[in-house]
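Chemist: Sharing a structure below in structure tokens format, with a few things to ask.
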Amino acid sequence: MTLEARGISFHYGRKRVLNDVSFTLADGRFHALLGPNGAGKSTLFGLLTRLLALQQGDILLGGVSLKRQPATAMHQIGVVFQQNALDLDLTVQQNLMYHAGLHGMSLKESRLRCARELERFELSERAGTPVRQLNGGHRRRVEIARALLHQPSILLLDEPSVGLDVPSRETLNRHVRQLCDDSGLTVLWATHLIEEVRPDDQILILHQGRLLADSDGHSLCRDKGTSSLAETFRTLTGEEVS
Ligand SMILES: Nc1ncnc2c1ncn2[C@@H]1O[C@H](COP(=O)(O)OP(=O)(O)OP(=O)(O)O)[C@@H](O)[C@H]1O
């Protein structure tokens, strides 16, 4: 499913943090939203997930307006926020079952979908483990499994690898890309780390609230006459990327 952001601007009080941002996420593709701290990524996620109310512009999911038909549109979205939002004292299975219940699934359906997601994320053996006992990478995988329980078409992840060590970051990134390839999920992965972005990705570069690029990495480098994504980022923003 496509996601289209049209003319999004946003202010906190008098401070403008998003300035006429428009882009389209293509059906079934992995998109990287790259921007340094403070670029406006979390604010954009807040708007995409209705944590923040749209002030200007609209967001369309498969053509359905988030403004006009929020319930229908939101059903298509699964989200993983920057901060871990699992109950540490509940087991992996309990966290998922609770979430499935919130989405109105029957007990039978909840069990089926939990089992399927746990298998997909190679977590079946951890179903009965309290989340507190999991490492950071596994916790993140549980969060993604939870975000997919209601079978959304679009998965939004706000800096999901923050706080993970390099191998865990790479595994998580690979896993989500695999999901995209296997199940046609549309993904938006926000990050400030260039190493999580590949030249084949659709790349959105957000800087000081403005979208400076929206293209695949190869085209971006070709257009800017640069030899790497890091150099392209520097050329566009005047900043180093980590
Ligand atoms: N509740 C708020 N009130 C006022 N200003 C805010 C608020 N939340 C964020 N900002 C400011 O808005 C700008 C964009 O912040 P935002 O968190 O969206 O960026 P980000 O790209 O997600 O950065 P980070 O990676 O640090 O989370 C920053 O200048 C930030 O200080």
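Please note that chains go A, B, ... in the order of the structure tokens, that every chain numbers its residues from 1, and that ligands are numbered from 1 in the order shown.
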Extract, using only C-alpha atoms, all DNA, RNA and protein residues at most 10 Å from A:Lys67, discarding same-chain residues fewer than 6 positions from it, and format them as a ChimeraX atom specification.
Modeler: /A:50,53-54,57-60,73
Chemist: With a distance cut-off of 10 Å and only C-alpha atoms, select the neighbouring residues of A:Ala127, excluding the residue or stretch itself and same-chain residues fewer than 5 positions from it, and output the selection as a list of chain:residue names.
Modeler: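 Counting only the stated atoms, we get A:Thr91, A:Val92, A:Gln93, A:Gln94, A:Asn95, A:Leu96, A:Cys114, A:Ala115, A:Leu118, A:Glu119, A:Val142.
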Chemist: Hey, which of A:Pro160, A:Gly40, A:Gly209, A:Gly184 ends up closest to ligand 1? Count only C-alpha atoms and all ligand atoms.
Modeler: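 The closest residue to ligand 1 is A:Gly40.
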Chemist: Separation of atom CA of A:Asn37 and atom CA of A:Thr191, in Å?
Modeler: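 We find that atom CA of A:Asn37 and atom CA of A:Thr191 lie 9.2 Å from each other.
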Chemist: Within 12 Å of ligand 1, counting only C-alpha atoms and all ligand atoms: which residues, as a CSV table (one decimal) with C-alpha atoms, in the first residue's frame?
Modeler:
chain,number,residue,atom,x,y,z
A,9,SER,CA,3.9,21.7,7.9
A,10,PHE,CA,4.1,21.7,11.7
A,11,HIS,CA,4.8,24.2,14.5
A,12,TYR,CA,5.4,23.7,18.2
A,13,GLY,CA,4.1,27.1,19.4
A,14,ARG,CA,5.9,29.6,17.1
A,15,LYS,CA,8.7,27.2,16.2
A,16,ARG,CA,8.3,25.6,12.8
A,17,VAL,CA,9.8,22.1,12.7
A,18,LEU,CA,8.3,20.7,9.4
A,19,ASN,CA,8.1,22.9,6.3
A,33,LEU,CA,14.2,8.5,6.4
A,34,LEU,CA,17.6,9.9,7.1
A,35,GLY,CA,18.1,13.0,9.1
A,36,PRO,CA,20.3,14.3,12.0
A,37,ASN,CA,19.0,14.8,15.5
A,38,GLY,CA,16.4,17.5,15.5
A,39,ALA,CA,15.6,17.2,11.8
A,40,GLY,CA,11.9,16.6,12.5
A,41,LYS,CA,11.7,12.8,12.1
A,42,SER,CA,9.9,12.1,15.3
A,43,THR,CA,7.5,14.9,14.7
A,44,LEU,CA,6.7,13.5,11.3
A,45,PHE,CA,6.2,10.1,12.9
A,46,GLY,CA,3.9,11.7,15.5
A,47,LEU,CA,1.8,13.1,12.6
A,51,LEU,CA,-0.1,11.2,18.2
A,52,LEU,CA,0.1,14.8,16.9
A,81,PHE,CA,8.4,4.1,18.4
A,82,GLN,CA,11.8,5.2,19.4
A,83,GLN,CA,11.2,4.3,23.1
A,157,LEU,CA,9.9,2.5,12.6
A,158,ASP,CA,11.3,5.5,14.4
A,159,GLU,CA,15.0,5.0,14.9
A,160,PRO,CA,14.4,1.3,16.0
A,161,SER,CA,18.1,0.5,16.4
A,162,VAL,CA,18.9,3.2,18.9
A,189,TRP,CA,12.7,3.3,8.7
A,190,ALA,CA,13.9,6.5,10.3
A,191,THR,CA,17.6,6.8,11.2
A,192,HIS,CA,20.5,9.1,11.7
A,193,LEU,CA,22.9,6.4,10.8
A,205,ILE,CA,16.6,13.2,3.6
A,206,LEU,CA,15.0,15.5,6.2
A,207,HIS,CA,17.0,18.4,7.4
A,208,GLN,CA,15.8,21.3,9.6
A,209,GLY,CA,12.2,20.4,8.8
A,210,ARG,CA,12.6,20.3,5.0
A,211,LEU,CA,12.8,17.3,2.7
Chemist: From the options A:Gln69, A:Leu86, A:Ile154, A:Leu172, which residue's atoms come nearest to A:Tyr98, counting only C-alpha atoms?
Modeler: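 Of all the options, A:Leu86 lies closest to A:Tyr98.
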Chemist: If you run DSSP on the backbone, which residues of stretch 22-223 of chain A are alpha helix (DSSP H), as a count of residues only?
Modeler: 75
Chemist: As a ChimeraX atom specification, please: all residues of stretch 33-93 of chain A that backbone DSSP puts in strand (DSSP E or B).
Modeler: /A:33-34,56-61,64-65,77-80,91
Chemist: Measure the distance from atom CA of A:Met74 to atom CA of A:Gly104 in Å and round it to one decimal.
Modeler: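 The value is 14.4 Å.
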Chemist: With only C-alpha atoms as the atoms that count, which of A:Gln151, A:Ser228, A:Asp201, A:Val131 lies nearest to A:Ser215?
Modeler: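 Of A:Gln151, A:Ser228, A:Asp201, A:Val131, the one nearest A:Ser215 is A:Asp201, counting only C-alpha atoms.
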